[in-house]
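Structure file run32.txt; described as compact mmCIF, C-alpha atoms and all ligand atoms.
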# COMPACT_ATOMS: atom_id res chain seq x y z
CA MET A 1 0.00 0.00 0.00
CA LYS A 2 1.35 3.41 -0.99
CA ILE A 3 0.19 6.00 1.56
CA ILE A 4 0.70 8.77 -0.95
CA ARG A 5 1.00 8.47 -4.68
CA PHE A 6 1.22 11.16 -7.34
CA ARG A 7 1.31 9.66 -10.75
CA GLN A 8 -0.19 10.23 -14.18
CA LEU A 9 -2.68 7.47 -14.92
CA LYS A 10 -1.32 5.47 -17.82
CA ARG A 11 -4.48 3.57 -18.57
CA ALA A 12 -8.21 4.01 -18.22
CA ILE A 13 -10.78 1.40 -17.25
CA ARG A 14 -12.16 -0.91 -19.91
CA PHE A 15 -15.82 -1.70 -20.45
CA THR A 16 -17.13 -5.13 -21.37
CA LYS A 17 -18.95 -5.50 -24.68
CA SER A 18 -22.36 -5.59 -22.99
CA GLU A 19 -21.51 -2.50 -20.92
CA GLU A 20 -20.39 -0.71 -24.08
CA ASP A 21 -23.59 -1.70 -25.87
CA PHE A 22 -25.71 -0.36 -23.00
CA ILE A 23 -23.81 2.95 -22.81
CA ALA A 24 -24.13 3.37 -26.58
CA LEU A 25 -27.94 3.36 -26.25
CA ILE A 26 -27.92 6.48 -24.05
CA PRO A 27 -28.12 9.69 -26.12
CA LYS A 28 -24.94 11.76 -25.74
CA ASN A 29 -26.73 14.92 -24.59
CA TYR A 30 -28.97 13.09 -22.08
CA ASN A 31 -28.71 14.95 -18.77
CA ASP A 32 -29.66 12.30 -16.22
CA ALA A 33 -27.72 9.34 -17.53
CA TRP A 34 -25.53 9.03 -14.43
CA ASP A 35 -28.01 9.65 -11.58
CA GLY A 36 -31.49 9.83 -13.08
CA SER A 37 -34.34 7.33 -13.29
CA LEU A 38 -33.95 6.95 -17.09
CA ALA A 39 -37.77 6.98 -17.13
CA ASP A 40 -38.19 8.86 -20.40
CA LEU A 41 -35.67 6.62 -22.18
CA LYS A 42 -37.64 3.60 -21.00
CA LYS A 43 -40.89 5.26 -22.04
CA ASN A 44 -39.73 5.95 -25.58
CA GLY A 45 -38.35 2.43 -25.93
CA THR A 46 -34.64 3.33 -26.03
CA LEU A 47 -33.99 1.35 -22.82
CA LYS A 48 -35.76 -1.64 -21.34
CA ARG A 49 -36.97 -2.31 -17.79
CA GLY A 50 -34.09 -2.95 -15.46
CA ALA A 51 -31.97 -0.29 -17.13
CA VAL A 52 -31.30 1.55 -13.86
CA GLY A 53 -29.92 -1.65 -12.32
CA ILE A 54 -27.65 -2.20 -15.31
CA ARG A 55 -26.45 1.42 -15.17
CA ASP A 56 -25.76 1.15 -11.43
CA ASN A 57 -23.83 -2.10 -11.92
CA ILE A 58 -21.68 -0.32 -14.51
CA LYS A 59 -21.03 2.50 -12.02
CA SER A 60 -19.97 -0.02 -9.35
CA ALA A 61 -17.70 -1.76 -11.84
CA ILE A 62 -16.11 1.58 -12.77
CA LYS A 63 -15.25 2.22 -9.12
CA LYS A 64 -13.82 -1.23 -8.58
CA ARG A 65 -11.66 -1.06 -11.70
CA LEU A 66 -10.43 2.45 -10.88
CA LYS A 67 -9.39 1.36 -7.38
CA THR A 68 -7.09 -1.20 -8.96
CA ILE A 69 -5.66 1.29 -11.46
CA GLN A 70 -5.15 4.06 -8.89
CA GLY A 71 -3.93 1.79 -6.10
CA ASN A 72 -6.60 3.17 -3.76
CA ASN A 73 -5.10 6.67 -3.76
CA CYS A 74 -7.01 9.91 -4.38
CA ILE A 75 -6.28 11.20 -7.86
CA TYR A 76 -5.83 14.80 -6.70
CA CYS A 77 -4.28 14.88 -3.20
CA GLY A 78 -2.53 11.54 -3.66
CA LEU A 79 -3.45 10.28 -0.18
CA HIS A 80 -4.62 6.72 0.42
CA PHE A 81 -8.39 6.34 0.87
CA LYS A 82 -7.74 4.64 4.22
CA ILE A 83 -6.46 8.01 5.43
CA VAL A 84 -8.76 10.48 3.70
CA GLY A 85 -11.96 8.51 3.89
CA THR A 86 -14.31 7.31 1.23
CA SER A 87 -13.55 7.22 -2.47
CA GLN A 88 -15.92 8.90 -4.87
CA ARG A 89 -16.18 8.80 -8.63
CA GLU A 90 -15.04 12.16 -9.94
CA HIS A 91 -15.92 13.43 -13.40
CA ILE A 92 -13.03 15.57 -14.61
CA ALA A 93 -15.40 17.45 -16.94
CA ASP A 94 -18.42 17.81 -14.66
CA LYS A 95 -21.64 15.90 -15.23
CA ALA A 96 -23.97 18.91 -15.32
CA ASN A 97 -22.17 20.84 -18.04
CA TYR A 98 -20.81 17.89 -20.01
CA PRO A 99 -23.40 15.06 -19.99
CA GLU A 100 -21.80 13.71 -23.17
CA PHE A 101 -18.76 12.61 -21.12
CA VAL A 102 -20.39 10.90 -18.11
CA PHE A 103 -19.34 7.44 -19.31
CA GLU A 104 -16.16 8.56 -21.09
CA ARG A 105 -13.40 6.30 -19.72
CA TYR A 106 -10.81 9.06 -19.55
CA ASN A 107 -13.20 11.42 -17.79
CA ILE A 108 -13.64 9.37 -14.60
CA ALA A 109 -11.24 8.92 -11.71
CA LEU A 110 -11.56 8.35 -7.97
CA ALA A 111 -11.12 11.25 -5.56
CA CYS A 112 -11.39 11.46 -1.78
CA SER A 113 -14.24 13.21 0.00
CA TYR A 114 -12.05 16.27 0.70
CA CYS A 115 -11.10 16.79 -2.93
CA ASN A 116 -14.52 15.91 -4.30
CA GLY A 117 -16.37 18.01 -1.70
CA PHE A 118 -19.68 19.45 -2.78
CA ASP A 119 -18.68 23.10 -2.30
CA LYS A 120 -15.71 22.76 -4.65
CA LYS A 121 -17.65 21.51 -7.63
CA GLY A 122 -18.43 23.81 -10.49
CA VAL A 123 -16.13 26.60 -9.28
CA ILE A 124 -13.88 26.24 -12.28
CA ASN A 125 -14.98 25.00 -15.68
CA THR A 126 -12.32 22.36 -16.25
CA ILE A 127 -12.60 22.48 -20.05
CA ASN A 128 -10.85 25.33 -21.79
CA LYS A 129 -11.71 24.26 -25.33
CA HIS A 130 -14.53 21.80 -25.88
CA ASP A 131 -14.78 19.15 -28.57
CA TYR A 132 -17.25 16.26 -28.70
CA ASP A 133 -14.17 14.07 -29.22
CA TYR A 134 -12.94 13.98 -25.61
CA SER A 135 -9.30 13.48 -26.59
CA LYS A 136 -9.42 16.82 -28.44
CA CYS A 137 -10.67 18.84 -25.47
CA GLU A 138 -8.25 21.20 -23.78
CA PHE A 139 -8.32 21.29 -19.99
CA ASN A 140 -7.63 24.03 -17.44
CA ILE A 141 -6.52 21.63 -14.72
CA ILE A 142 -3.88 18.93 -14.51
CA HIS A 143 -5.63 16.08 -16.29
CA PRO A 144 -5.08 12.79 -14.43
CA TYR A 145 -4.66 10.85 -17.69
CA PHE A 146 -3.25 13.39 -20.14
CA ASP A 147 -0.78 15.41 -18.03
CA ASN A 148 2.35 14.38 -16.20
CA ILE A 149 1.79 15.67 -12.68
CA ASP A 150 5.54 16.06 -12.10
CA ASP A 151 5.61 18.74 -14.82
CA HIS A 152 3.14 20.85 -12.86
CA ILE A 153 3.48 20.48 -9.11
CA ASP A 154 6.15 20.73 -6.49
CA PHE A 155 6.20 20.22 -2.73
CA LEU A 156 6.99 22.64 0.04
CA PHE A 157 8.12 21.06 3.28
CA THR A 158 7.55 22.98 6.50
CA ASN A 159 7.84 21.83 10.10
CA THR A 160 4.32 20.47 10.17
CA LYS A 161 3.09 20.31 6.61
CA VAL A 162 3.90 19.05 3.15
CA VAL A 163 2.18 21.58 0.90
CA ILE A 164 1.55 21.12 -2.81
CA LYS A 165 2.48 24.14 -4.90
CA PRO A 166 2.70 24.99 -8.60
CA LYS A 167 6.00 24.17 -10.29
CA ILE A 168 7.99 27.18 -11.51
CA ASP A 169 9.47 26.88 -14.99
CA SER A 170 13.25 27.15 -14.64
CA ILE A 171 13.60 29.33 -17.76
CA THR A 172 10.47 31.49 -17.94
CA LYS A 173 9.98 31.57 -14.15
CA ALA A 174 6.25 31.22 -14.80
CA GLN A 175 4.19 28.92 -12.61
CA SER A 176 2.04 26.18 -14.07
CA ILE A 177 -1.43 27.65 -14.59
CA LYS A 178 -2.94 24.17 -14.65
CA ALA A 179 -1.41 23.58 -11.22
CA VAL A 180 -2.72 26.91 -9.92
CA ASN A 181 -6.24 25.97 -11.05
CA THR A 182 -6.03 22.39 -9.76
CA ILE A 183 -4.71 23.46 -6.36
CA SER A 184 -7.42 26.12 -6.09
CA MET A 185 -10.28 23.90 -7.22
CA PHE A 186 -9.43 20.98 -4.94
CA GLU A 187 -7.88 23.06 -2.16
CA LEU A 188 -4.77 20.90 -2.37
CA ALA A 189 -2.75 23.44 -0.40
CA GLY A 190 -5.42 23.38 2.30
CA SER A 191 -4.47 22.51 5.81
CA VAL A 192 -6.21 19.15 6.18
CA GLN A 193 -4.33 17.27 3.49
CA SER A 194 -1.12 19.27 4.01
CA LEU A 195 -1.06 18.43 7.72
CA LEU A 196 -1.84 14.80 6.96
CA ARG A 197 1.06 14.66 4.52
CA GLY A 198 3.23 16.47 7.07
CA SER A 199 2.56 14.00 9.84
CA LEU A 200 3.04 11.07 7.48
CA TYR A 201 6.29 12.57 6.28
CA LYS A 202 7.51 13.08 9.84
CA ALA A 203 6.65 9.50 10.63
CA LYS A 204 8.87 8.67 7.60
CA LYS A 205 5.96 7.00 5.89
CA ILE A 206 5.90 8.99 2.68
CA ASN A 207 9.44 10.05 1.85
CA SER A 208 10.03 6.96 -0.24
CA THR A 209 6.79 7.20 -2.15
CA LEU A 210 6.71 10.84 -3.21
CA SER A 211 7.85 11.79 -6.69
CA ASN A 212 11.55 12.08 -7.46
CA SER A 213 11.60 15.85 -7.10
CA ALA A 214 9.93 15.60 -3.71
CA GLN A 215 12.38 12.95 -2.65
CA ARG A 216 15.28 15.18 -3.58
CA ARG A 217 13.77 17.95 -1.49
CA ALA A 218 13.21 15.54 1.36
CA GLU A 219 16.88 14.60 1.20
CA LEU A 220 17.82 18.29 1.30
CA ILE A 221 15.85 18.73 4.50
CA THR A 222 17.30 15.63 6.08
CA SER A 223 20.79 16.90 5.28
CA GLY A 224 20.09 20.16 7.08
CA ASN A 225 19.28 22.52 4.20
CA HIS A 226 15.79 23.25 5.36
CA ILE A 227 13.41 24.72 2.81
CA SER A 228 11.12 27.45 4.15
ZN ZN B 301 -8.00 13.88 -2.22

Rewrite the coordinates I just gave you, this time as structure tokens.
Ligand SMILES: [Zn+2]
Amino acid sequence: MKIIRFRQLKRAIRFTKSEEDFIALIPKNYNDAWDGSLADLKKNGTLKRGAVGIRDNIKSAIKKRLKTIQGNNCIYCGLHFKIVGTSQREHIADKANYPEFVFERYNIALACSYCNGFDKKGVINTINKHDYDYSKCEFNIIHPYFDNIDDHIDFLFTNTKVVIKPKIDSITKAQSIKAVNTISMFELAGSVQSLLRGSLYKAKKINSTLSNSAQRRAELITSGNHIS
């Protein structure tokens, strides 16, 4: 078990043929595909009785498969779900504005209840440039599947916290805008997760599982060159 893990997801979940066939029946612009009763789709004959059960089984399967892919770590704060509580399915492009992507494999990841908190949703539109082909969309945040997180974030070690901060480009000195947006949207620099990381770091439970850059910084601290 990795207590903290920051890593770009290299693969998305796969659907079975019957799951794919079911998803294909749902119109792309249908608003209640994820949570609704599907009543009108049953009424007009698009879906049969029992459709809600099939949809809910697909949602459960998505969660189970994502847990394996993500190693039970939150996609945004990197902390293990045993530490930050329940895992929730997070739509990177939100369900309300982008119903066409609710079952898009690359649009779903698991986040913890802190990062996926109700009050944080919808604050930032995560899509900068929309295309009905998901792979052609441009995103404002660090995309768990399309972006290498190490290109965007860095860690600041204090006496009590390990804080996530935007990476500064060594040449332009500009900070990653995607990181700024991601940190703001999910409050990744917030005290809860930062203190949790800090106490885990102090207990020497995370220094071997952070990214290479963080490890180098951790070594700097251990050797006496304290940062901040
Ligand atoms: Zn989280």

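Take the candidates A:Lys28, A:Arg105, A:Arg5, A:Lys42 and check each one against ligand ZN 301 (chain B) using only C-alpha atoms and all ligand atoms; the shortest distance goes to A:Arg5.
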
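Residue nearest Tyr30 in chain A, chosen from A:His80, A:Tyr98, A:Ile75, A:Lys67 and counting all atoms listed in the file: A:Tyr98.
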
Counting all atoms listed in the file, which residues of chain A fall within 9 Å of ligand ZN 301 (chain B), and what is the closest atom pair for each with its distance in Å at one decimal, ordered by chain and rising number, as JSON lines?
{"residue": "A:Asn73", "atom": "CA", "partner": "B:ZN301", "partner_atom": "ZN", "distance": 7.9}
{"residue": "A:Cys74", "atom": "CA", "partner": "B:ZN301", "partner_atom": "ZN", "distance": 4.6}
{"residue": "A:Ile75", "atom": "CA", "partner": "B:ZN301", "partner_atom": "ZN", "distance": 6.5}
{"residue": "A:Tyr76", "atom": "CA", "partner": "B:ZN301", "partner_atom": "ZN", "distance": 5.1}
{"residue": "A:Cys77", "atom": "CA", "partner": "B:ZN301", "partner_atom": "ZN", "distance": 4.0}
{"residue": "A:Gly78", "atom": "CA", "partner": "B:ZN301", "partner_atom": "ZN", "distance": 6.1}
{"residue": "A:Leu79", "atom": "CA", "partner": "B:ZN301", "partner_atom": "ZN", "distance": 6.2}
{"residue": "A:His80", "atom": "CA", "partner": "B:ZN301", "partner_atom": "ZN", "distance": 8.3}
{"residue": "A:Phe81", "atom": "CA", "partner": "B:ZN301", "partner_atom": "ZN", "distance": 8.2}
{"residue": "A:Val84", "atom": "CA", "partner": "B:ZN301", "partner_atom": "ZN", "distance": 6.9}
{"residue": "A:Ser87", "atom": "CA", "partner": "B:ZN301", "partner_atom": "ZN", "distance": 8.7}
{"residue": "A:Leu110", "atom": "CA", "partner": "B:ZN301", "partner_atom": "ZN", "distance": 8.7}
{"residue": "A:Ala111", "atom": "CA", "partner": "B:ZN301", "partner_atom": "ZN", "distance": 5.3}
{"residue": "A:Cys112", "atom": "CA", "partner": "B:ZN301", "partner_atom": "ZN", "distance": 4.2}
{"residue": "A:Ser113", "atom": "CA", "partner": "B:ZN301", "partner_atom": "ZN", "distance": 6.7}
{"residue": "A:Tyr114", "atom": "CA", "partner": "B:ZN301", "partner_atom": "ZN", "distance": 5.5}
{"residue": "A:Cys115", "atom": "CA", "partner": "B:ZN301", "partner_atom": "ZN", "distance": 4.3}
{"residue": "A:Asn116", "atom": "CA", "partner": "B:ZN301", "partner_atom": "ZN", "distance": 7.1}
{"residue": "A:Phe186", "atom": "CA", "partner": "B:ZN301", "partner_atom": "ZN", "distance": 7.7}
{"residue": "A:Leu188", "atom": "CA", "partner": "B:ZN301", "partner_atom": "ZN", "distance": 7.7}
{"residue": "A:Gln193", "atom": "CA", "partner": "B:ZN301", "partner_atom": "ZN", "distance": 7.6}

Quick one: residues within 10 Å of Phe146 in chain A, all atoms listed in the file, excluding same-chain residues fewer than 6 positions away - as a list of chain:residue names?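 Residues meeting the cut-off are A:Gln8, A:Leu9, A:Lys10, A:Tyr106, A:Ser135, A:Glu138, A:Phe139.
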
Interatomic distance between CA of Arg55 in chain A and CA of Leu41 in chain A?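 Value for the CA of Arg55 in chain A-CA of Leu41 in chain A distance: 12.7 Å.
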
Could you tell me how far CA of Ile177 in chain A lies from CA of Ala189 in chain A, in Å and to one decimal?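 Separation of CA of Ile177 in chain A and CA of Ala189 in chain A: 14.9 Å.
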
Hey, what's within 10 Å of Arg14 in chain A if we count all atoms listed in the file and toss same-chain stuff fewer than 5 positions away? As a list in words, please?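 These residues fall inside the cut-off: Glu19, Glu20, Ala61, Ile62, Arg65, Leu66 and Arg105 of chain A.
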
Just write the chosen residues, C-alpha atoms, as a compact mmCIF listing (two decimals), keeping the file's coordinate frame.
# COMPACT_ATOMS: atom_id res chain seq x y z
CA GLU A 19 -21.51 -2.50 -20.92
CA GLU A 20 -20.39 -0.71 -24.08
CA ALA A 61 -17.70 -1.76 -11.84
CA ILE A 62 -16.11 1.58 -12.77
CA ARG A 65 -11.66 -1.06 -11.70
CA LEU A 66 -10.43 2.45 -10.88
CA ARG A 105 -13.40 6.30 -19.72

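Here CA of Gly71 in chain A stands at a distance of 27.2 Å from CA of Thr158 in chain A.
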
Close residues, Gly190 in chain A itself excluded, 12 Å, only C-alpha atoms, min 2 positions apart in chain, as an MDAnalysis selection string: chainID A and resid 77 114:115 161:165 183:188 192:197

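For Phe22 in chain A, the set of protein, DNA and RNA residues having any atom at most 10 Å away, when counting only C-alpha atoms and skipping those fewer than 6 positions along the same chain, is A:Thr16, A:Leu47, A:Ala51, A:Ile54, A:Arg55, A:Ile58.
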
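Of the listed residues A:Arg11, A:Asp150, A:Ser170, A:Arg89, the one whose atoms come nearest to Phe103 in chain A is A:Arg89, with distances taken using all atoms listed in the file.
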
Residues at most 7 Å from Ala179 in chain A, counting all atoms listed in the file, excluding those fewer than 3 positions away in the same chain, as an MDAnalysis selection string? chainID A and resid 141:142 152:153 166 176 182:183

Those same residues, written as an mmCIF file, in the frame of the given file with C-alpha atoms?
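Contents of the output file out_34.cif:
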data_model
loop_
_atom_site.group_PDB
_atom_site.id
_atom_site.type_symbol
_atom_site.label_atom_id
_atom_site.label_comp_id
_atom_site.auth_asym_id
_atom_site.auth_seq_id
_atom_site.Cartn_x
_atom_site.Cartn_y
_atom_site.Cartn_z
ATOM 1 C CA ILE A 141 -6.520 21.630 -14.720
ATOM 2 C CA ILE A 142 -3.880 18.930 -14.510
ATOM 3 C CA HIS A 152 3.140 20.850 -12.860
ATOM 4 C CA ILE A 153 3.480 20.480 -9.110
ATOM 5 C CA PRO A 166 2.700 24.990 -8.600
ATOM 6 C CA SER A 176 2.040 26.180 -14.070
ATOM 7 C CA THR A 182 -6.030 22.390 -9.760
ATOM 8 C CA ILE A 183 -4.710 23.460 -6.360
#

Would you mind telling me which residue in A:Asn97, A:Gln175, A:Asn148, A:Asn44 lies nearest to Thr126 in chain A when using only C-alpha atoms? A:Asn97

Which one of A:Cys137, A:Ile13, A:Ile149, A:Ile92 sits closest to Lys64 in chain A if you count all atoms listed in the file?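 Among the listed residues, the smallest separation from Lys64 in chain A belongs to A:Ile13.
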
I need the residue nearest Asn140 in chain A from this list: A:Lys167, A:His91, A:Lys178, A:Lys173. Use only C-alpha atoms for the distance.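 When distances to Asn140 in chain A are compared using only C-alpha atoms, the smallest one comes from A:Lys178.
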
Complete the atoms of range 76-98 of chain A to N, CA and C atoms and put them out as a tab-separated table (two decimals), in the frame of the given file.
chain	number	residue	atom	x	y	z
A	76	TYR	N	-6.27	13.40	-6.80
A	76	TYR	CA	-5.83	14.80	-6.70
A	76	TYR	C	-4.83	15.03	-5.56
A	77	CYS	N	-5.20	14.62	-4.32
A	77	CYS	CA	-4.28	14.88	-3.20
A	77	CYS	C	-3.29	13.75	-3.02
A	78	GLY	N	-3.50	12.62	-3.68
A	78	GLY	CA	-2.53	11.54	-3.66
A	78	GLY	C	-2.60	10.66	-2.42
A	79	LEU	N	-3.42	11.04	-1.44
A	79	LEU	CA	-3.45	10.28	-0.18
A	79	LEU	C	-4.30	9.02	-0.31
A	80	HIS	N	-3.91	8.01	0.46
A	80	HIS	CA	-4.62	6.72	0.42
A	80	HIS	C	-6.03	6.90	1.00
A	81	PHE	N	-7.00	6.21	0.41
A	81	PHE	CA	-8.39	6.34	0.87
A	81	PHE	C	-8.56	5.89	2.32
A	82	LYS	N	-7.66	5.05	2.82
A	82	LYS	CA	-7.74	4.64	4.22
A	82	LYS	C	-7.50	5.84	5.14
A	83	ILE	N	-6.78	6.83	4.62
A	83	ILE	CA	-6.46	8.01	5.43
A	83	ILE	C	-7.46	9.13	5.22
A	84	VAL	N	-7.87	9.34	3.99
A	84	VAL	CA	-8.76	10.48	3.70
A	84	VAL	C	-10.23	10.08	3.54
A	85	GLY	N	-10.55	8.88	3.89
A	85	GLY	CA	-11.96	8.51	3.89
A	85	GLY	C	-12.43	7.92	2.58
A	86	THR	N	-13.70	8.04	2.33
A	86	THR	CA	-14.31	7.31	1.23
A	86	THR	C	-13.83	7.79	-0.14
A	87	SER	N	-13.88	6.87	-1.09
A	87	SER	CA	-13.55	7.22	-2.47
A	87	SER	C	-14.82	7.51	-3.24
A	88	GLN	N	-14.75	8.53	-4.07
A	88	GLN	CA	-15.92	8.90	-4.87
A	88	GLN	C	-15.52	9.00	-6.33
A	89	ARG	N	-16.47	8.67	-7.21
A	89	ARG	CA	-16.18	8.80	-8.63
A	89	ARG	C	-16.24	10.28	-9.01
A	90	GLU	N	-15.16	10.74	-9.59
A	90	GLU	CA	-15.04	12.16	-9.94
A	90	GLU	C	-15.04	12.28	-11.46
A	91	HIS	N	-15.92	13.17	-11.97
A	91	HIS	CA	-15.92	13.43	-13.40
A	91	HIS	C	-15.04	14.66	-13.64
A	92	ILE	N	-14.00	14.49	-14.41
A	92	ILE	CA	-13.03	15.57	-14.61
A	92	ILE	C	-13.71	16.74	-15.33
A	93	ALA	N	-14.47	16.45	-16.38
A	93	ALA	CA	-15.40	17.45	-16.94
A	93	ALA	C	-16.73	17.14	-16.26
A	94	ASP	N	-17.29	18.11	-15.55
A	94	ASP	CA	-18.42	17.81	-14.66
A	94	ASP	C	-19.68	17.32	-15.39
A	95	LYS	N	-20.47	16.57	-14.66
A	95	LYS	CA	-21.64	15.90	-15.23
A	95	LYS	C	-22.70	16.88	-15.72
A	96	ALA	N	-22.89	17.99	-14.98
A	96	ALA	CA	-23.97	18.91	-15.32
A	96	ALA	C	-23.70	19.64	-16.64
A	97	ASN	N	-22.49	20.08	-16.82
A	97	ASN	CA	-22.17	20.84	-18.04
A	97	ASN	C	-21.78	19.96	-19.22
A	98	TYR	N	-21.30	18.75	-18.93
A	98	TYR	CA	-20.81	17.89	-20.01
A	98	TYR	C	-21.41	16.48	-19.92
